[in-house]
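Containing mmCIF, C-alpha atoms: model.cif.
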data_query
loop_
_atom_site.label_atom_id
_atom_site.label_comp_id
_atom_site.auth_asym_id
_atom_site.auth_seq_id
_atom_site.Cartn_x
_atom_site.Cartn_y
_atom_site.Cartn_z
CA MET A 1 21.33 41.09 47.87
CA THR A 2 20.07 40.92 44.36
CA ASP A 3 16.76 42.10 42.97
CA ALA A 4 13.84 40.17 44.41
CA ALA A 5 12.79 37.30 42.21
CA LEU A 6 9.32 37.18 40.71
CA SER A 7 7.25 34.12 41.57
CA ALA A 8 6.30 32.11 38.51
CA ASP A 9 2.58 32.09 39.27
CA SER A 10 1.79 35.53 40.69
CA GLN A 11 4.50 37.61 38.95
CA GLN A 12 4.68 39.66 42.15
CA PRO A 13 8.03 40.50 43.78
CA ALA A 14 9.07 38.63 46.89
CA GLU A 15 9.15 40.47 50.21
CA PRO A 16 12.21 42.75 50.21
CA ALA A 17 14.71 42.57 53.05
CA VAL A 18 16.72 45.55 51.79
CA LEU A 19 16.15 48.27 49.20
CA ASP A 20 18.15 46.41 46.55
CA ASP A 21 15.59 43.59 46.73
CA VAL A 22 12.97 45.91 45.20
CA PRO A 23 13.18 45.55 41.38
CA GLY A 24 14.00 48.70 39.49
CA TRP A 25 16.70 50.90 37.99
CA PHE A 26 17.77 53.19 40.81
CA TRP A 27 21.50 53.20 41.32
CA GLU A 28 23.48 54.02 44.45
CA HIS A 29 24.73 57.42 43.24
CA ASP A 30 21.13 58.54 42.76
CA ARG A 31 19.87 56.99 45.98
CA HIS A 32 22.64 58.86 47.78
CA LEU A 33 21.81 62.13 45.98
CA PHE A 34 18.07 61.83 46.72
CA ASP A 35 18.93 61.50 50.40
CA TRP A 36 21.40 64.37 50.16
CA PHE A 37 19.08 66.85 48.41
CA LEU A 38 16.06 66.03 50.56
CA GLY A 39 18.11 66.04 53.76
CA ARG A 40 19.72 69.35 52.81
CA GLN A 41 16.29 70.91 52.33
CA GLU A 42 15.19 69.67 55.74
CA LYS A 43 18.30 71.03 57.46
CA ALA A 44 17.64 74.41 55.82
CA GLY A 45 14.05 74.39 57.11
CA LEU A 46 12.56 74.18 53.62
CA THR A 47 9.11 72.61 53.72
CA GLY A 48 7.00 71.39 50.83
CA ASP A 49 5.29 68.40 49.32
CA LEU A 50 6.96 65.59 47.38
CA LEU A 51 5.98 64.16 44.00
CA GLU A 52 6.99 61.16 41.93
CA LEU A 53 5.73 60.73 38.37
CA GLY A 54 6.21 57.09 37.41
CA ALA A 55 6.99 54.72 40.25
CA TYR A 56 7.47 51.22 38.76
CA LEU A 57 7.70 48.93 41.84
CA GLY A 58 8.63 51.60 44.37
CA ARG A 59 12.41 51.54 44.71
CA SER A 60 12.91 55.32 44.43
CA ALA A 61 9.55 56.15 46.04
CA ILE A 62 10.64 54.31 49.18
CA VAL A 63 13.64 56.65 49.45
CA VAL A 64 11.62 59.80 48.77
CA GLY A 65 8.97 58.73 51.29
CA SER A 66 11.60 58.36 54.02
CA HIS A 67 11.95 62.18 53.96
CA LEU A 68 8.25 62.97 54.34
CA ARG A 69 7.65 65.19 57.37
CA ALA A 70 4.59 66.16 59.34
CA GLY A 71 2.29 68.42 57.38
CA GLU A 72 3.73 67.38 54.01
CA THR A 73 2.17 65.17 51.33
CA PHE A 74 3.92 62.65 49.11
CA THR A 75 2.04 61.99 45.86
CA VAL A 76 2.85 59.12 43.49
CA CYS A 77 1.28 59.17 40.02
CA ASP A 78 1.50 56.08 37.83
CA LEU A 79 -0.70 54.07 35.47
CA PHE A 80 0.32 50.85 37.21
CA ASP A 81 -1.90 48.19 35.59
CA SER A 82 -4.39 50.65 34.09
CA ASP A 83 -4.75 51.11 30.34
CA ALA A 84 -2.37 53.61 28.72
CA PRO A 85 -3.94 56.80 27.31
CA ASP A 86 -2.57 56.39 23.76
CA ASP A 87 -1.11 53.77 21.44
CA GLU A 88 2.51 54.91 21.79
CA ASN A 89 2.34 54.83 25.57
CA ALA A 90 0.62 51.44 25.46
CA ALA A 91 3.40 50.01 23.27
CA GLU A 92 6.01 51.33 25.70
CA MET A 93 4.19 49.81 28.67
CA ASP A 94 3.70 46.43 27.03
CA GLY A 95 7.31 46.28 25.92
CA SER A 96 8.93 47.11 29.25
CA TYR A 97 6.67 47.03 32.27
CA ARG A 98 3.25 45.45 31.89
CA ARG A 99 4.22 42.01 33.17
CA THR A 100 5.21 43.26 36.64
CA LEU A 101 3.83 46.78 36.99
CA THR A 102 0.95 46.41 39.43
CA ARG A 103 -0.29 48.70 42.14
CA THR A 104 -0.48 45.77 44.56
CA ALA A 105 3.23 45.06 44.12
CA PHE A 106 4.13 48.74 44.55
CA GLU A 107 2.08 49.03 47.73
CA ALA A 108 3.53 45.83 49.22
CA ASN A 109 7.09 47.01 48.59
CA TYR A 110 6.42 50.50 49.94
CA LEU A 111 4.76 49.20 53.11
CA SER A 112 7.78 46.98 53.72
CA PHE A 113 9.66 50.17 54.63
CA HIS A 114 6.90 52.59 55.71
CA ASP A 115 3.82 52.53 57.90
CA ARG A 116 1.55 54.38 55.46
CA LEU A 117 1.18 54.61 51.72
CA PRO A 118 1.70 57.87 49.84
CA GLU A 119 -1.18 59.56 48.07
CA ILE A 120 -1.57 57.44 44.92
CA VAL A 121 -2.98 58.81 41.68
CA GLN A 122 -3.51 55.85 39.34
CA ALA A 123 -3.75 57.76 36.09
CA PRO A 124 -1.61 59.27 33.36
CA THR A 125 0.67 62.00 34.69
CA SER A 126 -1.26 64.46 32.52
CA ALA A 127 -4.04 64.11 35.11
CA LEU A 128 -1.98 66.41 37.34
CA ALA A 129 -2.03 69.21 34.78
CA ASP A 130 -5.60 70.16 35.73
CA GLY A 131 -4.59 72.26 38.72
CA ARG A 132 -4.69 69.42 41.24
CA LEU A 133 -1.28 70.58 42.54
CA ALA A 134 -1.25 74.04 44.06
CA PRO A 135 1.43 76.37 42.64
CA GLY A 136 4.64 76.67 44.64
CA THR A 137 3.89 73.80 47.03
CA LEU A 138 6.49 71.15 46.07
CA ARG A 139 10.11 70.94 47.14
CA PHE A 140 11.09 67.78 45.23
CA VAL A 141 9.80 66.18 42.01
CA HIS A 142 11.06 62.96 40.42
CA ILE A 143 10.00 62.48 36.78
CA ASP A 144 10.34 58.86 35.63
CA ALA A 145 7.12 58.06 33.77
CA SER A 146 6.79 58.03 29.98
CA HIS A 147 9.86 58.35 27.75
CA LEU A 148 7.88 60.11 25.02
CA TYR A 149 8.82 63.74 24.36
CA GLU A 150 5.28 65.16 24.60
CA HIS A 151 4.65 63.45 27.94
CA VAL A 152 7.98 64.46 29.49
CA ALA A 153 7.54 68.07 28.32
CA GLY A 154 4.10 68.06 29.96
CA ASP A 155 5.52 66.60 33.19
CA LEU A 156 8.13 69.36 33.25
CA ARG A 157 5.42 72.02 32.90
CA VAL A 158 3.58 70.46 35.85
CA ALA A 159 6.78 70.42 37.90
CA ARG A 160 7.66 74.03 37.08
CA ALA A 161 4.25 75.32 38.10
CA ALA A 162 4.12 73.35 41.35
CA LEU A 163 7.73 73.62 42.58
CA ARG A 164 8.89 76.16 45.10
CA PRO A 165 11.68 78.45 43.82
CA GLU A 166 14.28 76.42 45.74
CA GLY A 167 12.73 73.10 44.70
CA VAL A 168 14.55 70.35 42.83
CA VAL A 169 13.34 68.38 39.80
CA VAL A 170 14.99 65.08 38.82
CA LEU A 171 14.61 63.52 35.37
CA ASP A 172 15.46 59.88 34.71
CA ASP A 173 16.94 58.54 31.46
CA TYR A 174 17.87 62.02 30.20
CA ARG A 175 20.79 60.61 28.16
CA SER A 176 19.94 57.00 27.27
CA ALA A 177 20.08 56.04 23.59
CA HIS A 178 16.62 54.45 23.78
CA THR A 179 14.97 57.57 25.33
CA PRO A 180 15.64 60.50 22.96
CA GLY A 181 12.29 62.05 23.92
CA VAL A 182 13.48 62.55 27.49
CA ALA A 183 16.73 64.15 26.32
CA ALA A 184 14.88 66.48 23.95
CA ALA A 185 12.40 67.63 26.61
CA THR A 186 15.11 68.03 29.26
CA TRP A 187 17.50 70.18 27.25
CA GLU A 188 14.64 72.15 25.72
CA ALA A 189 13.65 73.11 29.27
CA VAL A 190 17.27 74.13 29.96
CA PHE A 191 17.77 76.27 26.86
CA ASN A 192 14.27 77.67 26.44
CA HIS A 193 12.43 77.54 29.77
CA GLY A 194 14.91 78.52 32.48
CA LEU A 195 15.70 75.10 33.98
CA ARG A 196 19.17 75.21 35.58
CA PRO A 197 21.26 72.02 35.85
CA VAL A 198 22.60 71.31 39.32
CA VAL A 199 24.26 67.91 38.93
CA LEU A 200 24.25 65.06 36.43
CA THR A 201 24.77 61.34 37.05
CA ASP A 202 24.92 58.57 34.48
CA SER A 203 21.14 58.16 34.58
CA LYS A 204 19.56 61.27 36.14
CA PHE A 205 19.46 65.04 35.63
CA TYR A 206 19.03 67.20 38.76
CA GLY A 207 17.86 70.75 38.14
CA THR A 208 16.07 73.75 39.57
CA TRP A 209 14.29 76.87 38.36
CA GLY A 210 15.99 78.66 41.22
CA ASP A 211 19.68 79.35 41.86
CA PRO A 212 21.74 76.12 41.77
CA GLU A 213 25.04 77.59 42.97
CA ALA A 214 24.70 77.01 46.72
CA ALA A 215 23.81 73.34 46.24
CA GLN A 216 26.65 72.89 43.75
CA LEU A 217 29.21 74.41 46.12
CA ASP A 218 27.96 72.17 48.93
CA LEU A 219 28.29 69.15 46.66
CA LEU A 220 31.80 70.09 45.55
CA ALA A 221 32.79 70.56 49.19
CA ARG A 222 32.01 66.87 49.70
CA ARG A 223 34.46 65.83 46.98
CA GLY A 224 36.65 63.02 48.33
CA THR A 225 34.18 61.75 50.94
CA LEU A 226 33.49 58.71 48.72
CA PRO A 227 36.92 57.46 47.60
CA HIS A 228 35.70 55.81 44.37
CA CYS A 229 33.36 58.64 43.31
CA ASP A 230 34.43 61.02 40.56
CA MET A 231 33.09 64.59 40.77
CA THR A 232 33.88 67.17 38.10
CA ASN A 233 33.08 70.87 37.86
CA GLU A 234 32.20 72.07 34.34
CA THR A 235 30.39 74.95 32.66
CA LEU A 236 27.43 75.04 30.28
CA GLU A 237 26.46 78.31 28.61
CA GLY A 238 28.41 80.13 31.31
CA HIS A 239 26.71 78.24 34.15
CA ARG A 240 28.36 75.79 36.54
CA LEU A 241 27.56 72.10 36.05
CA VAL A 242 28.60 69.26 38.37
CA ARG A 243 28.99 65.72 37.06
CA ILE A 244 29.22 62.62 39.25
CA GLY A 245 30.52 59.26 38.09
CA GLY A 246 32.61 56.36 39.26
CA SER A 247 31.45 54.13 42.09
CA ALA A 248 29.27 54.98 45.08
CA GLU A 249 31.05 52.35 47.15
CA GLY A 250 31.22 53.47 50.75
CA ALA A 251 27.90 55.33 50.75
CA GLU A 252 25.84 54.65 53.85
CA PRO A 253 23.27 51.94 53.00
CA PHE A 254 19.56 52.58 53.15
CA ARG A 255 17.77 51.23 56.19
CA VAL A 256 16.46 47.67 56.09
CA SER A 257 12.81 46.68 55.69
CA ARG A 258 10.47 45.44 58.40
CA HIS A 259 10.97 41.92 57.00
CA HIS A 260 14.75 41.96 57.29
CA ALA A 261 15.17 40.11 60.60
CA ARG A 262 12.70 37.37 59.68
CA LEU A 263 14.01 36.92 56.14
CA THR A 264 17.60 36.86 57.37
CA ALA A 265 16.72 34.21 59.96
CA GLU A 266 14.87 32.14 57.36
CA ALA A 267 17.82 32.41 54.98
CA GLY A 268 20.12 31.30 57.80
CA ARG A 269 17.96 28.26 58.50
CA ARG A 270 17.86 27.35 54.80
CA GLU A 271 21.62 27.65 54.58
CA ALA A 272 22.07 25.47 57.69
CA GLU A 273 19.72 22.86 56.19
CA ARG A 274 21.61 23.00 52.91
CA VAL A 275 24.94 22.48 54.68
CA THR A 276 23.50 19.60 56.70
CA GLU A 277 22.08 17.93 53.59
CA GLU A 278 25.34 18.41 51.73
CA THR A 279 27.26 16.93 54.68
CA LEU A 280 24.94 13.90 54.74
CA ARG A 281 25.29 13.44 50.99
CA THR A 282 29.08 13.67 51.32
CA THR A 283 29.08 11.13 54.17
CA GLU A 284 26.88 8.73 52.21
CA ARG A 285 29.05 9.15 49.13
CA GLU A 286 32.21 8.50 51.12
CA HIS A 287 30.60 5.41 52.73
CA ASP A 288 29.55 4.06 49.33
CA GLU A 289 33.03 4.67 47.96
CA ALA A 290 34.57 2.84 50.96
CA VAL A 291 32.26 -0.16 50.46
CA ARG A 292 33.10 -0.28 46.75
CA ASP A 293 36.82 0.01 47.53
CA LEU A 294 36.64 -2.85 50.05
CA ALA A 295 34.79 -5.05 47.59
CA ALA A 296 37.36 -4.26 44.91
CA ARG A 297 40.26 -5.11 47.22
CA ARG A 298 38.63 -8.42 48.17
CA ALA A 299 38.08 -9.24 44.52
CA ARG A 300 41.73 -8.49 43.72
CA ALA A 301 42.87 -10.67 46.62
CA ALA A 302 40.67 -13.51 45.45
CA GLU A 303 42.03 -13.12 41.93
CA ARG A 304 45.59 -13.34 43.25
CA ARG A 305 44.77 -16.64 45.03
CA ARG A 306 42.99 -18.17 42.07
CA PRO A 307 46.02 -19.50 40.00
CA ALA A 308 47.47 -21.53 42.91
CA ASN A 309 44.13 -23.20 43.59
CA VAL A 310 43.76 -24.05 39.93
CA ALA A 311 47.23 -25.63 39.90
CA LYS A 312 46.41 -27.75 42.95
CA ARG A 313 43.23 -29.00 41.35
CA ALA A 314 45.13 -29.80 38.17
CA VAL A 315 47.66 -31.93 40.14
CA GLY A 316 44.88 -33.85 41.84
CA ASP A 317 42.90 -34.37 38.68
CA LEU A 318 45.58 -35.17 36.09
CA LEU A 319 48.53 -37.04 37.74
CA PRO A 320 48.36 -40.77 38.47
CA PRO A 321 47.34 -41.66 42.03
CA VAL A 322 50.75 -43.18 42.81
CA VAL A 323 52.57 -39.97 41.84
CA THR A 324 50.07 -37.83 43.72
CA SER A 325 50.52 -39.90 46.87
CA ALA A 326 54.30 -39.64 46.56
CA ILE A 327 54.13 -35.89 46.30
CA ARG A 328 51.93 -35.66 49.37
CA ARG A 329 54.28 -37.89 51.40
CA ALA A 330 57.21 -35.75 50.33
CA ARG A 331 55.44 -32.60 51.49
CA ARG A 332 54.63 -34.16 54.85
CA GLY A 333 58.19 -35.37 55.28
#
Write the structure described by the file as structure tokens, please.
Amino acid sequence: MTDAALSADSQQPAEPAVLDDVPGWFWEHDRHLFDWFLGRQEKAGLTGDLLELGAYLGRSAIVVGSHLRAGETFTVCDLFDSDAPDDENAAEMDGSYRRTLTRTAFEANYLSFHDRLPEIVQAPTSALADGRLAPGTLRFVHIDASHLYEHVAGDLRVARAALRPEGVVVLDDYRSAHTPGVAAATWEAVFNHGLRPVVLTDSKFYGTWGDPEAAQLDLLARRGTLPHCDMTNETLEGHRLVRIGGSAEGAEPFRVSRHHARLTAEAGRREAERVTEETLRTTEREHDEAVRDLAARRARAAERRRPANVAKRAVGDLLPPVVTSAIRRARRG
């Protein structure tokens, strides 16, 4: 299915049947890697809280929230429809998100897949720099808020202080041409502040302040499990770096929403009604064409008879009565 359409009056997304119906930029490679990293932590017995900085309408948060376990907390921090803290951030919001970025829409999408909302902090991500997050308590952080260098650098400082040593931080738009601030903050953290790359996709950087080697070897061991996925092993400043590209075709899909059965049934009914209406229109069109064809054939037949009738009338009207009578007697004889 495609991204859910926005209604013209409310500008809110329609109820999602599947994850792809939630608007946003969260591609299958990254959805698969979020599941893989979080699931790997759980299998290893690693506990810790989860954090997303910048949520848009909830597409990635829904995936992160599916890995929340008892005793853990999932926190989502986003301005949503609040005022931005500075002019640059306000310009970015107005240019890209303001029309659809509402907390109501996020909550509706999230609750389509989960029974409870995460802990929501409706504020700039800098609000988390005041010690609200206890040091060493997080196992996974997704940074996808502002694209401005100062904000991303601040988000990285928050993540570094709050992550466990084995924790993973993910940065969105680390290489896009329109987000140089994210790239600058990301690679500054790598070269100056000890952040170690684990894996890169076309849109996201996955790193850790711990040792990335075990995760990288586990990833490389899965090479070939997705036939259209390209996985390469490279080095950066003497450290291993894994890159993933190609297609994620064949990855197990994310589970459907609570609305899926109803929406699928409604779509089936609409399709049946459409087929029925199209069949009726086709039948009516064929009937009208048959009527027009019959009328045309009758008109052609009448036209073919017309010259003979005209000739007969001419004989009766123009010849002398004696000649006309003779002709009639000859025909009868």
message: Selection in question (the file shown): the PyMOL selection byres ((chain A and resi 17-26) around 7). Which residues does it include, as a list in words?
response: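 Taken on the displayed file, the PyMOL selection byres ((chain A and resi 17-26) around 7) yields the residues Met1, Thr2, Asp3, Ala4, Glu15, Pro16, Trp27, Glu28, Asp30, Arg31, Leu57, Arg59, Ser60, Asn109, Phe254, Val256, Ser257, His259, His260 and Leu263 of chain A.
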Kindly resolve the PyMOL selection byres ((chain A and resi 211) around 9) on the present coordinates and return the residues as a PDB file with C-alpha atoms, keeping the file's coordinate frame.
ATOM      1  CA  PRO A 165      11.680  78.450  43.820  1.00  0.00           C
ATOM      2  CA  GLU A 166      14.280  76.420  45.740  1.00  0.00           C
ATOM      3  CA  ARG A 196      19.170  75.210  35.580  1.00  0.00           C
ATOM      4  CA  VAL A 198      22.600  71.310  39.320  1.00  0.00           C
ATOM      5  CA  THR A 208      16.070  73.750  39.570  1.00  0.00           C
ATOM      6  CA  TRP A 209      14.290  76.870  38.360  1.00  0.00           C
ATOM      7  CA  GLY A 210      15.990  78.660  41.220  1.00  0.00           C
ATOM      8  CA  PRO A 212      21.740  76.120  41.770  1.00  0.00           C
ATOM      9  CA  GLU A 213      25.040  77.590  42.970  1.00  0.00           C
ATOM     10  CA  ALA A 214      24.700  77.010  46.720  1.00  0.00           C
ATOM     11  CA  ALA A 215      23.810  73.340  46.240  1.00  0.00           C
TER      12      ALA A 215
END
query: CA of His193 in chain A to CA of Leu217 in chain A: how many Å, to one decimal?
result: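 Interatomic distance here is 23.6 Å.
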message: Since I can't run it myself right now, could you work out what the PyMOL selection byres ((chain A and resi 61-77) around 7) selects here and report it as a ChimeraX atom specification?
response: /A:38,48-55,58-60,78,110,113,118-123,125
query: Rounded to one decimal in Å, what is the spacing between CA of Pro124 in chain A and CA of Gly154 in chain A?
result: 11.0 Å
message: So the first atom is CA of His151 in chain A and the second is CA of His178 in chain A; what is the distance between them in Å, to one decimal place?
response: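 Going from CA of His151 in chain A over to CA of His178 in chain A, I get 15.5 Å.
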Can you fill out range 277-291 of chain A with N, CA and C atoms and hand it back as a CSV table (one decimal), in the frame of the given file?
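result_21.csv written:
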chain,number,residue,atom,x,y,z
A,277,GLU,N,22.4,18.9,54.7
A,277,GLU,CA,22.1,17.9,53.6
A,277,GLU,C,23.3,17.6,52.8
A,278,GLU,N,24.1,18.6,52.5
A,278,GLU,CA,25.3,18.4,51.7
A,278,GLU,C,26.3,17.5,52.5
A,279,THR,N,26.4,17.8,53.8
A,279,THR,CA,27.3,16.9,54.7
A,279,THR,C,26.8,15.5,54.7
A,280,LEU,N,25.5,15.3,54.8
A,280,LEU,CA,24.9,13.9,54.7
A,280,LEU,C,25.2,13.2,53.4
A,281,ARG,N,25.0,14.0,52.3
A,281,ARG,CA,25.3,13.4,51.0
A,281,ARG,C,26.8,13.1,50.8
A,282,THR,N,27.6,14.0,51.4
A,282,THR,CA,29.1,13.7,51.3
A,282,THR,C,29.4,12.4,52.1
A,283,THR,N,28.8,12.3,53.3
A,283,THR,CA,29.1,11.1,54.2
A,283,THR,C,28.6,9.9,53.5
A,284,GLU,N,27.4,9.9,52.9
A,284,GLU,CA,26.9,8.7,52.2
A,284,GLU,C,27.7,8.4,51.0
A,285,ARG,N,28.2,9.4,50.3
A,285,ARG,CA,29.0,9.2,49.1
A,285,ARG,C,30.4,8.5,49.6
A,286,GLU,N,31.0,9.1,50.6
A,286,GLU,CA,32.2,8.5,51.1
A,286,GLU,C,32.0,7.1,51.6
A,287,HIS,N,30.9,6.8,52.3
A,287,HIS,CA,30.6,5.4,52.7
A,287,HIS,C,30.5,4.5,51.5
A,288,ASP,N,29.7,4.9,50.5
A,288,ASP,CA,29.6,4.1,49.3
A,288,ASP,C,30.9,3.8,48.6
A,289,GLU,N,31.7,4.8,48.6
A,289,GLU,CA,33.0,4.7,48.0
A,289,GLU,C,33.9,3.7,48.8
A,290,ALA,N,33.8,3.8,50.1
A,290,ALA,CA,34.6,2.8,51.0
A,290,ALA,C,34.1,1.4,50.8
A,291,VAL,N,32.8,1.2,50.7
A,291,VAL,CA,32.3,-0.2,50.5
A,291,VAL,C,32.7,-0.7,49.1
